[in-house]
>>> print(open('model.txt').read())   # compact mmCIF, C-alpha atoms
# COMPACT_ATOMS: atom_id res chain seq x y z
CA MET A 996 17.69 10.17 -15.91
CA THR A 997 17.97 9.11 -12.27
CA ASN A 998 20.44 6.30 -11.66
CA ASP A 999 19.80 3.20 -9.58
CA ALA A 1000 21.50 2.98 -6.20
CA SER A 1001 23.61 0.10 -7.50
CA ASP A 1002 24.92 2.30 -10.33
CA HIS A 1003 26.45 4.80 -7.90
CA GLN A 1004 30.17 4.61 -7.32
CA PRO A 1005 31.41 3.98 -3.74
CA ILE A 1006 31.93 7.23 -1.90
CA CYS A 1007 34.08 8.16 1.05
CA ALA A 1008 32.14 9.48 4.05
CA PRO A 1009 33.64 12.51 5.82
CA TRP A 1010 33.02 10.57 9.05
CA VAL A 1011 32.26 6.95 9.81
CA LEU A 1012 29.43 5.58 11.93
CA GLY A 1013 29.30 2.21 13.60
CA VAL A 1014 25.70 1.06 13.05
CA VAL A 1015 23.97 -2.03 14.47
CA CYS A 1016 20.51 -3.06 13.22
CA TYR A 1017 18.37 -5.64 15.00
CA ALA A 1018 15.75 -7.26 12.73
CA GLN A 1019 13.38 -10.21 12.92
CA MET A 1020 14.26 -12.51 10.02
CA SER A 1021 10.66 -13.65 9.43
CA ALA A 1022 9.48 -10.06 8.99
CA PRO A 1023 10.15 -9.14 5.33
CA GLY A 1024 9.37 -5.49 5.96
CA ALA A 1025 12.38 -5.48 8.27
CA SER A 1026 14.84 -7.62 6.38
CA HIS A 1027 14.13 -6.17 2.91
CA PHE A 1028 14.17 -2.55 3.97
CA LEU A 1029 16.93 -2.57 6.58
CA GLU A 1030 19.22 -4.66 4.38
CA GLY A 1031 18.78 -2.09 1.64
CA VAL A 1032 19.56 0.83 3.96
CA ALA A 1033 22.49 -1.09 5.49
CA GLY A 1034 23.94 -1.75 2.05
CA GLU A 1035 23.73 1.93 1.19
CA LEU A 1036 25.41 2.98 4.45
CA LEU A 1037 28.15 0.41 3.85
CA ARG A 1038 28.70 1.77 0.35
CA ARG A 1039 29.31 5.17 1.95
CA GLY A 1040 32.04 3.75 4.16
CA HIS A 1041 30.18 3.25 7.44
CA ARG A 1042 30.54 0.15 9.63
CA LEU A 1043 27.49 -2.12 9.60
CA ARG A 1044 26.26 -5.07 11.59
CA LEU A 1045 22.82 -6.64 11.05
CA CYS A 1046 21.80 -8.78 14.01
CA ARG A 1047 19.24 -11.41 14.85
CA PRO A 1048 16.89 -10.77 17.78
CA ASP A 1049 18.77 -13.08 20.18
CA ASP A 1050 22.21 -11.54 19.59
CA PRO A 1051 23.22 -10.18 23.04
CA PRO A 1052 23.64 -6.39 23.09
CA GLU A 1053 26.59 -6.85 25.46
CA LEU A 1054 28.52 -8.32 22.52
CA VAL A 1055 27.24 -6.62 19.38
CA CYS A 1056 26.69 -3.05 20.66
CA GLU A 1057 30.06 -2.59 22.32
CA ASP A 1058 31.58 -0.43 19.57
CA ALA A 1059 28.35 0.96 18.11
CA ASP A 1060 27.54 4.62 17.59
CA LEU A 1061 23.94 3.95 16.54
CA VAL A 1062 21.68 0.94 17.19
CA ILE A 1063 18.35 0.53 15.38
CA VAL A 1064 15.85 -2.01 16.72
CA HIS A 1065 12.94 -3.14 14.52
CA ASP A 1066 9.53 -3.81 16.03
CA GLY A 1067 9.56 -7.35 14.69
CA LEU A 1068 11.45 -8.22 17.89
CA SER A 1069 9.57 -9.34 20.98
CA PRO A 1070 8.81 -6.76 23.69
CA ALA A 1071 11.26 -8.59 25.98
CA GLN A 1072 14.06 -8.32 23.42
CA VAL A 1073 13.28 -4.64 22.84
CA ALA A 1074 13.38 -3.98 26.58
CA ARG A 1075 16.65 -5.90 27.01
CA ILE A 1076 18.43 -3.72 24.46
CA GLY A 1077 16.98 -0.59 26.07
CA HIS A 1078 18.23 -1.76 29.48
CA HIS A 1079 21.72 -2.22 28.07
CA ARG A 1080 21.62 1.26 26.55
CA ARG A 1081 20.62 2.84 29.87
CA HIS A 1082 23.23 1.07 31.97
CA HIS A 1083 26.16 0.27 29.68
CA GLY A 1084 25.92 1.90 26.26
CA GLY A 1085 27.30 5.18 24.99
CA TYR A 1086 25.51 4.75 21.66
CA ARG A 1087 22.27 6.29 20.42
CA LEU A 1088 19.32 3.86 20.32
CA LEU A 1089 16.37 4.19 17.93
CA PHE A 1090 13.25 2.04 17.57
CA ARG A 1091 11.93 1.45 14.05
CA HIS A 1092 8.15 1.20 14.48
CA ALA A 1093 6.30 -0.30 11.53
CA ALA A 1094 3.45 -1.52 13.78
CA LEU A 1095 3.98 -5.13 12.70
CA GLN A 1096 2.60 -6.34 16.04
CA GLY A 1097 -0.02 -3.63 16.37
CA LEU A 1098 0.34 -0.52 18.46
CA ALA A 1099 -0.61 -0.26 22.14
CA PRO A 1100 0.67 2.07 24.88
CA GLY A 1101 2.28 -0.65 26.99
CA MET A 1102 3.49 -3.05 24.34
CA PHE A 1103 7.10 -1.84 24.18
CA ASP A 1104 9.27 -0.33 26.90
CA LEU A 1105 11.20 2.41 25.10
CA SER A 1106 12.46 4.17 28.20
CA GLY A 1107 16.06 3.48 27.20
CA TYR A 1108 15.62 4.70 23.62
CA ASP A 1109 16.52 8.08 22.12
CA GLY A 1110 13.63 8.12 19.68
CA VAL A 1111 11.33 6.32 17.24
CA LEU A 1112 11.66 5.93 13.48
CA ALA A 1113 7.97 5.65 12.55
CA ALA A 1114 6.94 3.99 9.29
CA GLY A 1115 4.26 6.59 8.71
CA ARG A 1116 2.62 9.69 10.09
CA ALA A 1117 -0.19 7.67 11.69
CA VAL A 1118 2.34 5.60 13.64
CA ALA A 1119 4.27 8.73 14.62
CA GLU A 1120 1.14 10.44 15.94
CA LEU A 1121 0.16 7.40 17.99
CA CYS A 1122 3.68 7.08 19.41
CA GLN A 1123 3.55 10.73 20.44
CA SER A 1124 0.08 10.44 21.94
CA PHE A 1125 1.17 7.37 23.94
CA GLY A 1126 4.32 9.16 25.09
CA LEU A 1127 6.48 6.25 23.91
CA ALA A 1128 9.53 8.38 23.12
CA ALA A 1129 10.72 11.95 23.44
CA ARG A 1130 11.48 12.23 19.71
CA VAL A 1131 9.74 10.69 16.70
CA TRP A 1132 10.70 10.87 13.04
CA VAL A 1133 8.65 9.63 10.06
CA TRP A 1134 10.87 7.12 8.22
CA PRO A 1135 8.77 5.20 5.66
CA ASP A 1136 9.60 1.95 3.92
CA ALA A 1137 11.53 2.11 0.64
CA ALA A 1138 12.76 -0.13 -2.15
CA ASP A 1139 16.28 -1.47 -2.48
CA THR A 1140 16.71 -0.41 -6.10
CA GLY A 1141 19.93 -2.35 -6.38
CA ARG A 1142 17.91 -5.56 -6.09
CA PHE A 1143 14.48 -4.50 -7.28
CA ARG A 1144 14.70 -3.36 -10.88
CA PRO A 1145 12.89 -4.24 -14.13
CA VAL A 1146 13.45 -7.72 -15.51
CA THR A 1147 12.23 -7.94 -19.09
CA GLY A 1148 11.04 -11.10 -20.79
CA GLU A 1149 8.02 -12.86 -22.20
CA HIS A 1150 4.86 -12.60 -20.13
CA GLU A 1151 3.76 -16.01 -18.87
CA GLY A 1152 0.68 -14.70 -17.08
CA ASP A 1153 -1.56 -11.71 -16.46
CA VAL A 1154 -1.65 -11.08 -12.70
CA VAL A 1155 0.66 -11.93 -9.81
CA PHE A 1156 0.04 -11.44 -6.09
CA PHE A 1157 2.44 -11.61 -3.14
CA GLY A 1158 1.05 -11.92 0.38
CA ALA A 1159 -0.39 -14.05 3.12
CA TRP A 1160 -3.90 -15.50 3.28
CA GLY A 1161 -4.23 -14.53 6.93
CA ASP A 1162 -7.44 -14.75 8.94
CA GLN A 1163 -11.08 -14.99 7.87
CA ASP A 1164 -11.43 -11.24 7.25
CA ARG A 1165 -8.30 -11.26 5.14
CA GLY A 1166 -9.73 -14.13 3.08
CA VAL A 1167 -12.82 -12.04 2.38
CA GLU A 1168 -10.66 -9.18 1.10
CA LEU A 1169 -8.65 -11.48 -1.17
CA ARG A 1170 -11.81 -13.06 -2.60
CA HIS A 1171 -13.26 -9.61 -3.24
CA TYR A 1172 -10.22 -7.94 -4.84
CA LEU A 1173 -8.23 -10.83 -6.29
CA LEU A 1174 -10.02 -14.15 -6.70
CA GLU A 1175 -13.38 -12.99 -8.07
CA PRO A 1176 -11.93 -10.44 -10.55
CA VAL A 1177 -9.48 -13.06 -11.85
CA ARG A 1178 -12.22 -15.68 -12.18
CA LEU A 1179 -14.74 -13.40 -13.88
CA LEU A 1180 -12.15 -12.06 -16.36
CA GLY A 1181 -10.61 -15.46 -17.02
CA LEU A 1182 -7.10 -14.17 -16.31
CA ARG A 1183 -3.94 -16.23 -15.83
CA ALA A 1184 -2.91 -15.51 -12.26
CA LYS A 1185 -0.48 -16.77 -9.64
CA ALA A 1186 -0.13 -16.09 -5.92
CA TYR A 1187 2.99 -16.37 -3.77
CA GLY A 1188 3.16 -16.42 0.00
CA PRO A 1189 3.59 -18.55 3.11
CA PRO A 1190 1.76 -21.89 3.43
CA ILE A 1191 -2.03 -21.60 3.20
CA PRO A 1192 -4.81 -23.75 4.67
CA ALA A 1193 -6.53 -26.34 2.50
CA ALA A 1194 -9.71 -24.25 2.29
CA ALA A 1195 -7.73 -21.30 0.93
CA ALA A 1196 -5.94 -23.52 -1.60
CA ALA A 1197 -9.33 -24.73 -2.82
CA GLN A 1198 -10.53 -21.14 -3.27
CA TYR A 1199 -7.40 -20.25 -5.21
CA ALA A 1200 -7.92 -23.24 -7.48
CA GLU A 1201 -11.60 -22.51 -7.99
CA ALA A 1202 -10.76 -18.97 -9.12
CA GLY A 1203 -8.03 -20.21 -11.45
CA VAL A 1204 -5.21 -18.74 -9.36
CA VAL A 1205 -2.13 -20.95 -9.17
CA TYR A 1206 -0.55 -21.00 -5.72
CA GLY A 1207 3.23 -20.81 -6.12
CA GLY A 1208 4.26 -21.14 -2.48
CA TRP A 1209 6.82 -18.99 -0.77
CA ALA A 1210 9.20 -16.99 -3.00
CA PRO A 1211 12.55 -15.69 -1.69
CA HIS A 1212 12.63 -11.95 -2.21
CA ASP A 1213 15.66 -12.25 -4.48
CA ARG A 1214 13.36 -14.01 -6.96
CA VAL A 1215 10.63 -11.38 -6.80
CA PRO A 1216 11.92 -9.13 -9.65
CA SER A 1217 12.14 -12.04 -12.11
CA ILE A 1218 8.71 -13.31 -11.06
CA LEU A 1219 7.16 -9.86 -11.46
CA GLY A 1220 8.68 -9.62 -14.93
CA GLN A 1221 6.69 -12.69 -16.01
CA PHE A 1222 3.32 -10.99 -15.47
CA ARG A 1223 1.54 -8.02 -16.99
CA CYS A 1224 0.53 -6.51 -13.64
CA THR A 1225 0.35 -7.12 -9.90
CA VAL A 1226 -2.30 -6.59 -7.24
CA HIS A 1227 -1.87 -5.01 -3.79
CA VAL A 1228 -4.51 -5.93 -1.19
CA PRO A 1229 -3.76 -4.20 2.14
CA SER A 1230 -5.50 -5.38 5.26
CA ARG A 1231 -8.67 -3.33 5.66
CA ALA A 1232 -8.50 -3.50 9.46
CA ARG A 1233 -4.89 -2.29 9.41
CA CYS A 1234 -5.79 0.52 6.99
CA ARG A 1235 -8.49 1.75 9.38
CA LEU A 1236 -6.15 1.73 12.37
CA LEU A 1237 -2.98 2.90 10.63
CA PRO A 1238 -3.71 4.59 7.29
CA GLY A 1239 -0.89 5.26 4.90
CA LEU A 1240 1.20 2.12 5.55
CA PRO A 1241 1.35 0.08 2.33
CA SER A 1242 3.16 -3.25 2.18
CA ILE A 1243 6.86 -3.25 1.29
CA ARG A 1244 5.76 -5.27 -1.75
CA LEU A 1245 4.15 -2.16 -3.21
CA PHE A 1246 7.45 -0.26 -3.16
CA GLU A 1247 9.29 -3.25 -4.63
CA ALA A 1248 6.79 -3.82 -7.46
CA MET A 1249 6.98 -0.15 -8.40
CA ALA A 1250 10.78 -0.29 -8.36
CA CYS A 1251 10.55 -3.19 -10.82
CA GLY A 1252 8.38 -1.07 -13.14
CA VAL A 1253 5.44 -3.48 -12.98
CA PRO A 1254 2.02 -1.77 -13.14
CA LEU A 1255 0.05 -2.24 -9.94
CA VAL A 1256 -3.62 -2.14 -9.00
CA SER A 1257 -4.36 -1.57 -5.33
CA ALA A 1258 -7.42 -2.22 -3.21
CA PRO A 1259 -8.42 0.86 -1.16
CA TRP A 1260 -5.91 2.47 1.17
CA LEU A 1261 -5.49 6.07 2.28
CA ASP A 1262 -2.10 7.49 1.32
CA CYS A 1263 -2.19 10.12 4.07
CA ASP A 1264 1.59 10.65 3.79
CA GLY A 1265 1.40 11.55 0.10
CA LEU A 1266 3.86 8.85 -0.93
CA PHE A 1267 2.39 8.24 -4.39
CA THR A 1268 0.01 9.64 -7.01
CA PRO A 1269 -3.03 7.42 -7.69
CA GLY A 1270 -3.72 7.08 -11.39
CA ARG A 1271 -0.06 7.76 -12.24
CA ASP A 1272 2.00 5.53 -9.95
CA PHE A 1273 -0.70 2.90 -9.52
CA LEU A 1274 -4.39 2.35 -10.22
CA LEU A 1275 -6.73 2.47 -7.22
CA ALA A 1276 -9.69 0.08 -7.16
CA ARG A 1277 -12.35 1.26 -4.74
CA ASP A 1278 -14.45 -1.87 -5.20
CA ALA A 1279 -14.44 -5.21 -7.00
CA ALA A 1280 -16.02 -3.76 -10.16
CA GLU A 1281 -13.30 -1.12 -10.44
CA MET A 1282 -10.66 -3.79 -9.83
CA ARG A 1283 -12.04 -5.75 -12.80
CA ARG A 1284 -11.99 -2.64 -15.01
CA HIS A 1285 -8.41 -1.79 -14.10
CA LEU A 1286 -7.15 -5.35 -14.56
CA ARG A 1287 -8.89 -5.67 -17.91
CA ALA A 1288 -7.36 -2.37 -19.07
CA LEU A 1289 -3.82 -3.29 -17.99
CA VAL A 1290 -3.93 -6.78 -19.47
CA ASN A 1291 -5.17 -5.48 -22.83
CA ASP A 1292 -3.27 -2.18 -23.16
CA ALA A 1293 0.53 -2.39 -23.41
CA GLU A 1294 0.89 1.41 -23.60
CA LEU A 1295 -1.04 1.86 -20.34
CA ARG A 1296 1.12 -0.77 -18.66
CA ALA A 1297 4.29 0.99 -19.79
CA GLU A 1298 2.99 4.41 -18.69
CA ILE A 1299 2.01 3.30 -15.18
CA GLY A 1300 5.09 1.15 -14.68
CA LEU A 1301 7.54 3.82 -15.83
CA HIS A 1302 5.95 6.58 -13.76
CA ALA A 1303 5.96 4.38 -10.66
CA ARG A 1304 9.61 3.46 -11.07
CA ARG A 1305 10.60 7.10 -11.56
CA THR A 1306 8.76 7.98 -8.34
CA ILE A 1307 10.67 5.29 -6.43
CA LEU A 1308 14.01 6.45 -7.84
CA ALA A 1309 13.18 10.09 -7.07
CA ARG A 1310 11.74 9.71 -3.56
CA HIS A 1311 11.47 6.20 -2.13
CA SER A 1312 14.72 4.29 -2.50
CA CYS A 1313 16.94 3.08 0.32
CA VAL A 1314 19.38 5.81 -0.78
CA HIS A 1315 16.83 8.43 0.27
CA ARG A 1316 16.17 6.72 3.61
CA ALA A 1317 19.93 6.53 4.28
CA ASP A 1318 20.19 10.26 3.60
CA GLN A 1319 17.37 10.92 6.05
CA LEU A 1320 18.98 8.68 8.66
CA MET A 1321 22.22 10.63 8.41
CA ASP A 1322 20.28 13.85 9.00
CA ILE A 1323 18.74 12.28 12.11
CA CYS A 1324 22.21 11.26 13.30
CA ARG A 1325 23.33 14.87 13.05
CA GLU A 1326 20.30 15.93 15.09
CA LEU A 1327 21.35 13.40 17.73
CA ALA A 1328 24.90 14.83 17.76
CA LEU A 1329 26.37 11.37 17.26
CA PRO A 1330 30.10 10.89 17.90
CA PHE A 1331 31.92 9.70 14.79
CA SER A 1332 35.00 7.51 14.46
CA PRO A 1333 37.47 6.92 11.58
CA SER A 1334 37.15 3.11 11.67
CA ALA A 1335 37.34 1.05 8.48
CA ALA A 1336 34.09 -0.24 6.95
CA THR A 1337 33.04 -3.79 7.77
CA ALA A 1338 29.73 -5.59 7.65
CA LEU A 1339 27.90 -8.66 8.85
CA ARG A 1340 25.06 -9.25 6.39
CA LEU A 1341 21.82 -11.07 6.94
CA PRO A 1342 21.03 -14.07 4.69
CA SER A 1343 19.62 -13.01 1.32
CA SER A 1344 16.13 -14.34 1.98
CA VAL A 1345 13.70 -14.71 4.83
CA GLU A 1346 12.09 -17.94 5.93
CA PRO A 1347 8.67 -19.14 4.72
CA GLY A 1348 7.08 -17.39 7.70
CA ASP A 1349 6.89 -14.33 5.40
CA HIS A 1350 3.74 -12.51 6.50
CA ALA A 1351 3.74 -9.52 4.15
CA GLN A 1352 0.26 -8.18 3.61
>>> encode(input="model.txt", output="structure tokens")
Amino acid sequence: MTNDASDHQPICAPWVLGVVCYAQMSAPGASHFLEGVAGELLRRGHRLRLCRPDDPPELVCEDADLVIVHDGLSPAQVARIGHHRRHHGGYRLLFRHAALQGLAPGMFDLSGYDGVLAAGRAVAELCQSFGLAARVWVWPDAADTGRFRPVTGEHEGDVVFFGAWGDQDRGVELRHYLLEPVRLLGLRAKAYGPPIPAAAAAQYAEAGVVYGGWAPHDRVPSILGQFRCTVHVPSRARCRLLPGLPSIRLFEAMACGVPLVSAPWLDCDGLFTPGRDFLLARDAAEMRRHLRALVNDAELRAEIGLHARRTILARHSCVHRADQLMDICRELALPFSPSAATALRLPSSVEPGDHAQ
């Protein structure tokens, strides 16, 4: 059986990297994922520093071998770090592009960067077509399996959802794939996310969905364990523009072994197997059928949840992404130093501006 990342014993790296990661705290896709990768690199003996967007590169990048900048930062902050790299830095500089702010040719100045870590093939292809960087690697999201693992207990409800209400189009998607199926089936459901407008709160209440407010991601495994299944509703507009980019919440729910039903999205990167790792609902009627089946069939829940967790442990943990990052470092011919491992960690939760979709 595959072990969790947290079950691995500390190992001694044959060489030590000094790594700096810039992440926007209100972007959970950045803080969850990069913290998990940083923790794995630290466990291997590398030096780590996770920085806020306004930390000056003149101070935090001085002794770095590798700097990773997440696209949750503003274009001005991204450009400032690139300017420092061009004029003062001997480190390698990579841009992690998850397309949180969309993707346009002139949005980010990456002229000082050595390459892009794209969250999916669609992002990589657009980066290449825009000529944003000389080198692009596909580096998808992953689950921190040290934090996201099954939490067993009595089920207090049927369905749980994590995500933002968003704009009018997003509200239509949530009514179609979450609120109406819950209401028609009479399920016990709860939704967590950033503050919602009064009109959205009324629609939640009318459908019988309890709004639980914002949940720190450290609480997510225990919350998931209280429900029989969870629902993933990706933004339809985002899926059309950038197919194959599921929310980080999908990875984390699967790591917790909780069966998941997803609204339509095209897994063009072949991350998962529909019908084995999760159930795909192509319309509201299919969403109702899948939710009814999961709520009423404990064996089906166990089968889907176990298969999903095994897939995460085999292919999509932060351990795997750390391995891939080390391969990229070798491609970049990074200089390595024998410094002792130290770390500056981000806080364990993001602020209620969480905008995971």
>>> residues_around(input="model.txt", residues="Tyr1199 (chain A)", least_positions_apart="5", cutoff="9 Å", atoms="all atoms listed in the file", output="list in words")
Arg1170, Leu1174, Lys1185, Ala1186, Ala1194, Val1204, Val1205 and Tyr1206 of chain A
>>> residues_near_point(input="model.txt", point="(-6.2, 1.0, -15.4)", cutoff="6 Å", atoms="only C-alpha atoms", output="VMD selection string")
chain A and resid 1274 1285 1288 to 1289
>>> write_last_selection(input="model.txt", atoms="C-alpha atoms", output="PDB file, in the frame of the given file")
ATOM      1  CA  LEU A1274      -4.390   2.350 -10.220  1.00  0.00           C
ATOM      2  CA  HIS A1285      -8.410  -1.790 -14.100  1.00  0.00           C
ATOM      3  CA  ALA A1288      -7.360  -2.370 -19.070  1.00  0.00           C
ATOM      4  CA  LEU A1289      -3.820  -3.290 -17.990  1.00  0.00           C
TER       5      LEU A1289
END
>>> closest_residue(input="model.txt", among="A:Ser1106, A:Thr1140, A:Gln1019, A:Ser1069", to="Arg1304 (chain A)", atoms="only C-alpha atoms")
A:Thr1140
>>> residues_around(input="model.txt", residues="region 1060-1062 of chain A", least_positions_apart="5", cutoff="12 Å", atoms="only C-alpha atoms", output="VMD selection string")
chain A and resid 1010 to 1018 1033 1041 to 1046 1052 1055 1073 1076 to 1077 1079 to 1080 1084 to 1091 1107 to 1112 1320 to 1321 1323 to 1325 1327 to 1334
>>> axis_aligned_box(input="model.txt", around="region 1266-1285 of chain A", padding_each_side="8 Å", output="lines of an AutoDock Vina configuration file")
center_x = -6.1
center_y = 1.9
center_z = -8.0
size_x = 35.9
size_y = 31.4
size_z = 30.1
>>> atom_distance(input="model.txt", atom1="CA of His1302 (chain A)", atom2="CA of Asp1272 (chain A)")
5.6 Å
>>> closest_residue(input="model.txt", among="A:Arg1038, A:Arg1116, A:His1092, A:Arg1283", to="Pro1238 (chain A)", atoms="all atoms listed in the file")
A:Arg1116
